[in-house]
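> Input structure: structure00.cif, which contains mmCIF, C-alpha atoms.
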data_start
#
loop_
_atom_site.label_atom_id
_atom_site.label_comp_id
_atom_site.auth_asym_id
_atom_site.auth_seq_id
_atom_site.Cartn_x
_atom_site.Cartn_y
_atom_site.Cartn_z
CA MET A 1 -8.12 29.39 -15.51
CA ALA A 2 -6.23 32.58 -14.81
CA GLU A 3 -2.49 32.20 -15.00
CA ASP A 4 -1.79 34.44 -12.02
CA ALA A 5 -4.63 33.04 -9.88
CA ALA A 6 -3.47 31.97 -6.44
CA SER A 7 -3.61 28.21 -6.11
CA PRO A 8 -4.94 26.99 -2.74
CA PRO A 9 -2.79 24.56 -0.77
CA LEU A 10 -3.36 20.99 -1.88
CA GLU A 11 -4.92 19.71 1.35
CA ALA A 12 -6.74 22.97 2.14
CA ALA A 13 -9.15 22.31 -0.72
CA LEU A 14 -10.77 19.48 1.21
CA PRO A 15 -12.91 19.58 4.35
CA ALA A 16 -11.17 18.26 7.44
CA ALA A 17 -13.36 15.16 7.55
CA ASP A 18 -12.56 14.20 3.95
CA ARG A 19 -8.90 15.00 3.53
CA LEU A 20 -7.44 12.18 5.60
CA LEU A 21 -5.25 9.32 4.54
CA TYR A 22 -5.41 6.39 6.97
CA ALA A 23 -2.54 4.08 7.87
CA SER A 24 -2.38 1.22 10.35
CA VAL A 25 0.65 1.26 12.66
CA PHE A 26 1.96 -1.71 14.64
CA PRO A 27 4.80 -2.12 17.16
CA PRO A 28 7.56 -4.68 16.42
CA ASP A 29 6.44 -6.53 19.56
CA GLY A 30 2.91 -6.64 20.97
CA ALA A 31 4.25 -5.88 24.44
CA LEU A 32 5.44 -2.46 23.18
CA LEU A 33 1.97 -1.28 22.13
CA GLU A 34 1.50 1.06 25.07
CA ASP A 35 4.97 2.58 24.60
CA MET A 36 4.17 3.23 20.95
CA ALA A 37 0.76 4.70 21.85
CA LYS A 38 2.33 7.13 24.33
CA ALA A 39 4.91 8.27 21.75
CA VAL A 40 2.20 8.77 19.12
CA ASP A 41 0.02 10.75 21.55
CA ARG A 42 2.91 13.07 22.42
CA LEU A 43 3.61 13.77 18.75
CA ALA A 44 -0.10 14.24 18.01
CA LEU A 45 -0.26 16.99 20.66
CA ASN A 46 1.87 19.15 18.35
CA ASP A 47 0.02 18.12 15.18
CA ALA A 48 -3.75 18.54 15.44
CA SER A 49 -4.24 17.22 11.88
CA VAL A 50 -3.32 13.67 12.97
CA SER A 51 -6.19 11.49 14.16
CA VAL A 52 -5.51 8.50 16.41
CA ALA A 53 -7.71 5.46 17.03
CA ARG A 54 -7.18 1.91 18.25
CA GLU A 55 -6.83 -0.71 15.53
CA PRO A 56 -8.56 -4.09 16.06
CA PRO A 57 -6.04 -6.92 16.55
CA ARG A 58 -4.79 -8.46 13.30
CA PRO A 59 -4.02 -12.20 12.99
CA THR A 60 -0.52 -11.51 11.67
CA LEU A 61 0.50 -8.25 13.36
CA GLY A 62 -1.52 -8.09 16.57
CA ALA A 63 -2.98 -4.88 18.02
CA GLY A 64 -2.02 -1.45 16.75
CA LEU A 65 -3.21 2.08 16.00
CA ARG A 66 -4.99 3.64 13.04
CA LEU A 67 -3.65 7.10 12.23
CA GLY A 68 -5.13 9.70 9.89
CA PHE A 69 -2.91 12.04 7.87
CA ARG A 70 -3.30 14.77 5.25
CA GLY A 71 -1.17 12.99 2.70
CA LEU A 72 1.68 10.59 2.07
CA LEU A 73 4.38 13.17 2.79
CA HIS A 74 2.68 14.06 6.07
CA MET A 75 2.64 10.38 7.01
CA ASP A 76 6.31 9.93 6.11
CA VAL A 77 7.38 12.94 8.17
CA PHE A 78 5.39 11.69 11.17
CA ARG A 79 6.99 8.24 10.85
CA GLN A 80 10.48 9.73 10.76
CA ARG A 81 9.78 11.93 13.79
CA LEU A 82 8.44 8.92 15.68
CA ARG A 83 11.64 7.04 14.94
CA ASP A 84 14.08 9.91 15.54
CA GLU A 85 12.54 11.63 18.57
CA PHE A 86 11.15 8.65 20.46
CA ASP A 87 13.31 5.82 19.15
CA GLU A 88 10.18 3.87 18.15
CA ASP A 89 10.85 1.62 15.17
CA VAL A 90 7.23 0.86 14.27
CA LEU A 91 5.62 -0.73 11.22
CA PHE A 92 3.53 1.51 8.94
CA CYS A 93 1.18 -0.36 6.60
CA ALA A 94 0.06 0.73 3.14
CA PRO A 95 -2.17 3.81 3.59
CA LEU A 96 -5.82 4.05 2.54
CA VAL A 97 -8.09 6.97 1.68
CA PRO A 98 -11.68 6.82 3.00
CA TYR A 99 -14.35 5.24 0.80
CA ARG A 100 -18.11 4.99 1.13
CA LEU A 101 -20.39 2.02 0.60
CA VAL A 102 -23.90 2.84 -0.64
CA SER A 103 -26.88 0.78 -1.76
CA ARG A 104 -27.21 0.05 -5.48
CA ALA A 105 -31.00 0.38 -5.21
CA ASP A 106 -30.75 3.74 -3.45
CA PRO A 107 -27.32 5.41 -3.92
CA THR A 108 -28.30 8.12 -1.42
CA ARG A 109 -28.42 5.54 1.38
CA LEU A 110 -25.03 5.26 3.05
CA LEU A 111 -24.27 1.78 4.32
CA ARG A 112 -20.94 2.58 5.98
CA GLU A 113 -17.70 4.52 5.74
CA ILE A 114 -14.61 2.48 4.85
CA HIS A 115 -11.53 3.65 6.77
CA THR A 116 -9.86 0.24 6.92
CA LEU A 117 -9.90 -2.69 4.50
CA ASP A 118 -11.45 -4.88 7.18
CA LEU A 119 -14.66 -3.04 6.23
CA TRP A 120 -14.28 -3.66 2.49
CA PRO A 121 -17.40 -5.33 1.04
CA SER A 122 -17.34 -9.05 0.34
CA PRO A 123 -18.01 -10.32 -3.22
CA ALA A 124 -21.56 -11.19 -2.19
CA GLU A 125 -22.11 -7.74 -0.67
CA GLU A 126 -20.76 -5.99 -3.79
CA LYS A 127 -23.75 -7.30 -5.77
CA ALA A 128 -26.10 -5.07 -3.78
CA ALA A 129 -23.74 -2.17 -3.01
CA LEU A 130 -21.56 0.44 -4.71
CA VAL A 131 -18.18 1.74 -3.61
CA LEU A 132 -17.80 5.50 -3.87
CA GLU A 133 -14.40 7.18 -3.88
CA PRO A 134 -13.57 10.88 -3.38
CA THR A 135 -12.78 12.38 -6.77
CA VAL A 136 -11.36 15.84 -7.47
CA ARG A 137 -10.75 18.05 -10.48
CA LEU A 138 -7.24 19.32 -11.01
CA ASP A 139 -6.21 22.52 -12.81
CA VAL A 140 -2.57 22.50 -13.87
CA LEU A 141 -0.56 25.33 -15.46
CA VAL A 142 2.79 24.31 -16.91
CA PRO A 143 5.34 25.86 -19.32
CA LEU A 144 5.14 24.44 -22.81
CA ASP A 145 8.64 22.97 -22.66
CA ALA A 146 7.60 20.93 -19.59
CA LEU A 147 4.20 19.84 -20.94
CA GLY A 148 5.38 16.35 -21.92
CA ALA A 149 6.87 15.72 -18.47
CA ALA A 150 3.65 16.88 -16.79
CA LEU A 151 1.55 14.56 -18.97
CA ASP A 152 3.80 11.64 -18.06
CA VAL A 153 2.97 12.27 -14.39
CA LEU A 154 -0.74 12.99 -14.80
CA GLU A 155 -1.87 10.37 -17.31
CA PRO A 156 -1.16 7.22 -15.22
CA ARG A 157 -2.69 8.73 -12.08
CA CYS A 158 -5.79 10.49 -13.39
CA THR A 159 -8.97 8.85 -14.65
CA ARG A 160 -9.94 11.40 -17.28
CA GLN A 161 -8.52 14.39 -19.17
CA LEU A 162 -11.16 17.12 -19.32
CA ALA A 163 -9.30 19.89 -21.15
CA LEU A 164 -5.94 20.74 -22.68
CA ASP A 165 -5.11 24.27 -23.88
CA PRO A 166 -1.51 24.54 -25.15
CA SER A 167 -1.69 28.30 -25.78
CA PRO A 168 1.56 30.16 -24.91
CA PRO A 169 3.12 31.02 -22.58
CA LYS A 170 1.72 28.20 -20.42
CA ALA A 171 -0.37 25.15 -21.18
CA ALA A 172 -3.55 24.71 -19.13
CA LEU A 173 -4.72 21.21 -18.27
CA ARG A 174 -7.77 19.98 -16.42
CA TYR A 175 -8.04 16.43 -15.13
CA GLU A 176 -10.40 14.35 -13.05
CA ALA A 177 -8.51 12.23 -10.56
CA PRO A 178 -9.22 10.02 -7.56
CA TRP A 179 -8.20 11.61 -4.29
CA ALA A 180 -6.08 8.53 -3.59
CA ALA A 181 -3.83 9.44 -6.53
CA VAL A 182 -3.56 13.07 -5.41
CA VAL A 183 -2.44 12.36 -1.86
CA ASP A 184 -0.07 9.66 -3.12
CA GLY A 185 2.64 12.20 -3.90
CA LEU A 186 1.12 13.78 -7.03
CA SER A 187 2.18 17.34 -6.24
CA GLU A 188 5.74 16.24 -5.38
CA ALA A 189 6.02 14.17 -8.56
CA LEU A 190 4.66 17.01 -10.69
CA ALA A 191 7.04 19.53 -9.13
CA HIS A 192 10.00 17.19 -9.67
CA ALA A 193 9.10 16.45 -13.31
CA THR A 194 8.59 20.12 -14.23
CA ARG A 195 11.49 21.48 -12.15
CA GLY A 196 9.03 23.29 -9.87
CA LEU A 197 7.47 25.31 -12.70
CA ALA A 198 3.97 23.76 -12.63
CA THR A 199 1.11 25.06 -10.48
CA LEU A 200 -1.66 22.84 -9.20
CA ALA A 201 -5.16 23.77 -7.98
CA VAL A 202 -7.66 21.28 -6.56
CA ASP A 203 -11.45 21.65 -6.62
CA PRO A 204 -13.59 20.34 -3.74
CA PRO A 205 -14.19 16.59 -4.00
CA THR A 206 -17.26 14.70 -5.09
CA TRP A 207 -18.08 11.06 -4.32
CA LEU A 208 -18.33 9.00 -7.51
CA PRO A 209 -18.85 5.26 -8.12
CA ALA A 210 -15.64 3.41 -8.95
CA ASP A 211 -14.90 -0.13 -10.08
CA LEU A 212 -12.46 -1.00 -7.32
CA VAL A 213 -11.32 -4.33 -5.91
CA LYS A 214 -9.25 -5.33 -2.90
CA VAL A 215 -6.04 -7.20 -3.71
CA ASP A 216 -4.83 -9.48 -0.92
CA LEU A 217 -1.24 -10.65 -0.53
CA ALA A 218 -0.62 -14.03 1.11
CA LEU A 219 2.55 -15.65 2.46
CA ASN A 220 2.41 -19.46 2.44
CA GLY A 221 -1.37 -19.31 2.11
CA LEU A 222 -1.87 -16.90 5.04
CA VAL A 223 -3.32 -13.53 3.96
CA VAL A 224 -1.36 -10.62 5.45
CA ASP A 225 -4.22 -8.14 5.63
CA ALA A 226 -1.83 -5.28 6.40
CA LEU A 227 -0.41 -5.69 2.86
CA SER A 228 -3.80 -5.51 1.12
CA VAL A 229 -4.32 -2.70 -1.39
CA VAL A 230 -7.20 -1.23 -3.40
CA GLU A 231 -6.88 -1.07 -7.18
CA ARG A 232 -9.06 -0.34 -10.20
CA ARG A 233 -10.28 -3.51 -11.83
CA PRO A 234 -8.57 -2.94 -15.23
CA ASN A 235 -5.21 -2.46 -13.47
CA VAL A 236 -5.47 -5.35 -11.04
CA LEU A 237 -3.37 -7.92 -12.92
CA PRO A 238 -0.27 -5.73 -13.54
CA ARG A 239 -0.51 -4.35 -9.99
CA ALA A 240 -0.67 -7.88 -8.56
CA ARG A 241 2.32 -9.06 -10.58
CA LYS A 242 4.39 -6.04 -9.62
CA ALA A 243 3.43 -6.36 -5.95
CA VAL A 244 4.54 -9.99 -5.60
CA ALA A 245 7.74 -9.29 -7.57
CA ASN A 246 8.62 -6.32 -5.34
CA LEU A 247 7.71 -8.19 -2.17
CA LYS A 248 9.92 -11.12 -3.18
CA GLU A 249 12.94 -8.79 -3.15
CA HIS A 250 12.26 -7.72 0.45
CA VAL A 251 11.23 -10.97 2.14
CA PRO A 252 14.34 -12.68 3.59
CA ARG A 253 15.12 -16.24 2.53
CA GLN A 254 14.13 -18.86 5.12
CA GLN A 255 14.96 -22.44 5.99
CA PHE A 256 11.60 -23.29 4.42
CA GLU A 257 9.95 -22.37 1.13
CA VAL A 258 8.01 -19.08 1.05
CA VAL A 259 5.23 -18.71 -1.52
CA ILE A 260 3.94 -15.19 -2.20
CA GLN A 261 0.52 -14.89 -3.81
CA ALA A 262 -1.66 -11.97 -4.87
CA LYS A 263 -5.35 -12.74 -5.14
CA VAL A 264 -8.77 -11.18 -5.45
CA ALA A 265 -11.37 -13.09 -3.43
CA ASN A 266 -10.25 -16.71 -4.01
CA LYS A 267 -8.71 -16.17 -7.44
CA ILE A 268 -4.89 -16.18 -7.53
CA LEU A 269 -3.58 -13.54 -9.95
CA ALA A 270 0.19 -13.73 -9.41
CA ARG A 271 2.67 -15.98 -7.62
CA GLU A 272 6.34 -15.90 -6.68
CA ARG A 273 8.43 -18.48 -4.84
CA ILE A 274 11.41 -17.93 -2.56
CA PRO A 275 13.35 -21.23 -2.37
CA PRO A 276 14.64 -22.38 1.02
CA PHE A 277 18.21 -22.66 2.11
CA ARG A 278 19.33 -26.21 1.47
CA LYS A 279 21.93 -28.19 3.33
CA ASP A 280 23.79 -30.86 1.41
CA VAL A 281 22.80 -33.95 3.40
CA LEU A 282 24.46 -36.32 0.92
CA THR A 283 27.99 -35.15 1.71
CA THR A 284 29.86 -35.56 5.00
CA LYS A 285 32.06 -32.88 6.58
CA ALA A 286 35.05 -34.73 5.18
CA GLY A 287 33.64 -34.32 1.68
CA LYS A 288 32.69 -37.97 1.20
CA ASN A 289 29.40 -39.08 -0.30
CA VAL A 290 26.92 -40.64 2.14
CA GLY A 291 25.95 -44.21 1.38
CA GLY A 292 28.30 -44.65 -1.52
CA GLY A 293 26.22 -46.10 -4.30
CA ASP A 294 23.24 -46.97 -2.07
CA VAL A 295 20.40 -45.04 -3.75
CA SER A 296 17.82 -46.05 -1.15
CA ARG A 297 19.81 -44.48 1.71
CA LYS A 298 20.28 -41.24 -0.23
CA LYS A 299 16.57 -41.12 -1.00
CA LYS A 300 15.76 -41.69 2.68
CA LEU A 301 17.97 -38.74 3.71
CA LEU A 302 16.42 -36.45 1.09
CA ASP A 303 12.90 -37.46 2.11
CA LYS A 304 13.74 -36.76 5.76
CA GLN A 305 15.05 -33.30 4.82
CA LYS A 306 11.95 -32.62 2.71
CA ALA A 307 9.63 -33.61 5.59
CA GLY A 308 11.52 -31.34 7.99
CA LYS A 309 11.21 -28.35 5.68
CA ALA A 310 7.51 -29.02 5.18
CA ARG A 311 7.08 -28.98 8.97
CA GLN A 312 9.05 -25.73 9.22
CA LYS A 313 6.86 -24.18 6.52
CA THR A 314 3.77 -25.05 8.54
CA VAL A 315 4.93 -23.53 11.84
CA GLY A 316 7.52 -21.02 10.63
CA ASN A 317 6.93 -17.27 10.77
CA VAL A 318 8.11 -14.90 8.04
CA THR A 319 9.43 -11.60 9.39
CA LEU A 320 8.42 -8.54 7.37
CA SER A 321 10.36 -5.30 7.48
CA GLN A 322 9.14 -1.77 6.76
CA ASP A 323 10.72 -2.13 3.31
CA SER A 324 8.24 -4.91 2.56
CA PHE A 325 5.30 -2.55 3.05
CA TRP A 326 6.93 0.24 1.07
CA ALA A 327 7.58 -2.28 -1.72
CA VAL A 328 3.83 -2.91 -2.03
CA LEU A 329 3.07 0.82 -1.80
CA ALA A 330 5.57 1.52 -4.60
CA THR A 331 3.55 -0.60 -7.05
CA GLY A 332 0.89 2.07 -7.52
CA PRO A 333 0.72 4.03 -10.81
CA GLY A 334 3.67 6.35 -11.22
CA ARG A 335 5.19 5.38 -7.87
CA PRO A 336 8.97 4.88 -7.75
CA SER A 337 10.62 2.40 -5.42
CA ARG A 338 11.75 3.79 -2.10
CA SER A 339 13.47 2.76 1.08
CA SER A 340 12.60 3.35 4.69
#
For this file, write the structure as structure tokens.

Amino acid sequence: MAEDAASPPLEAALPAADRLLYASVFPPDGALLEDMAKAVDRLALNDASVSVAREPPRPTLGAGLRLGFRGLLHMDVFRQRLRDEFDEDVLFCAPLVPYRLVSRADPTRLLREIHTLDLWPSPAEEKAALVLEPTVRLDVLVPLDALGAALDVLEPRCTRQLALDPSPPKAALRYEAPWAAVVDGLSEALAHATRGLATLAVDPPTWLPADLVKVDLALNGLVVDALSVVERRPNVLPRARKAVANLKEHVPRQQFEVVIQAKVANKILARERIPPFRKDVLTTKAGKNVGGGDVSRKKKLLDKQKAGKARQKTVGNVTLSQDSFWAVLATGPGRPSRSS
């Protein structure tokens, strides 16, 4: 690795068909879909790297669009332009890099491309298929005094360290990393940690088998597929716990109980509970106790309140903000919390 070698731009190292990051976008109201689509089309005219396709209707969010970007920063800039220039306050879901599903018996036989988690293989299908993810090799040059900071950024995100040469004046590192980790703000995090002194070069990607699972998040038993994420199997449990804890902070308290669950297939990995608002039905407006010492009347009032809240929980809708989706996105390795 030559120290003065020119490093290609991060996204330029990948072919156009393979460098995209996909995100589902939904309007706050289904009736505003066409307005959102027109605003997206007008912005896409000035940005040929954005791909636009219709998203199949979701049970929880309705119809939307699936947009392709070059990276997380590109997606964030597009979202801000959509909000600022067209006054469209839309909902961006957790992004996804493309994956491939191939046959275990014949890995050269492509079963399908996975651009949305609706196409993720079922547990039964995984027995006869392999998931391939785009994987790249990274060459990093960093001053010796910033080597520790660079390692702190690279180690949680990369799957394997291939080489480390600490010879002065700069240390040379080579890593193998999933493309999902690279587009998820790796270059920005590395530049911030090393005060802009590190250089990063990316080799063309290869498709390698990966032990990945889809983690679903459910609110009151209903899976919100727009919150689903892909994670490596060894990291599933801490990711699930962090996701439900972060989501709990961004889901508003309701008149009914809200239960947040993270699960893989039908196995629940983590759970959080948001208690409902509770009205004191045993005290009158004048501050007097209802029923005096009559326990049966108090129990009847509490049971009536409990039944009402159970009915609300069954028919009530939980409103999710953009912060809720960023909270799930921020649970990835090395990702800080952020606001919209």
> Counting all atoms listed in the file, which of A:Val153, A:Val202, A:Ala262, A:Ala129 gets nearest to Ala105 of chain A?
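Of the candidates, the smallest distance to Ala105 of chain A is held by A:Ala129.
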> Kindly extract all protein, DNA and RNA residues lying within 7 Å of the coordinates (-4.9, 2.9, 11.3) given in the file, considering all atoms listed in the file, and supply them as a short mmCIF file (atom, residue, chain, number, x, y, z; two decimals) with C-alpha atoms, in the frame of the given file.

data_model
loop_
_atom_site.label_atom_id
_atom_site.label_comp_id
_atom_site.auth_asym_id
_atom_site.auth_seq_id
_atom_site.Cartn_x
_atom_site.Cartn_y
_atom_site.Cartn_z
CA TYR A 22 -5.41 6.39 6.97
CA ALA A 23 -2.54 4.08 7.87
CA SER A 24 -2.38 1.22 10.35
CA VAL A 25 0.65 1.26 12.66
CA ALA A 53 -7.71 5.46 17.03
CA GLU A 55 -6.83 -0.71 15.53
CA LEU A 65 -3.21 2.08 16.00
CA ARG A 66 -4.99 3.64 13.04
CA LEU A 67 -3.65 7.10 12.23
CA GLY A 68 -5.13 9.70 9.89
#
> Go through A:Lys38, A:Leu219, A:Pro143, A:Glu88 and flag the residue nearest Pro169 of chain A, using all atoms listed in the file for the distances.
A:Pro143
> Which residues match the PyMOL selection byres ((chain A and resi 209) around 12) in the file above, as a count of residues only?
23
> If I take atom CA of Arg174 of chain A and atom CA of Ala146 of chain A, how far is one from the other in Å, to one decimal?
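Pair atom CA of Arg174 of chain A / atom CA of Ala146 of chain A returns 15.7 Å.
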> Take the PyMOL selection byres ((chain A and resi 95-98) around 9), run it mentally on this structure, and tell me the resulting residues as a PyMOL selection string.
chain A and resi 18-24+72+75+92-94+99-100+113-117+133-134+179-180+183+229-230+329
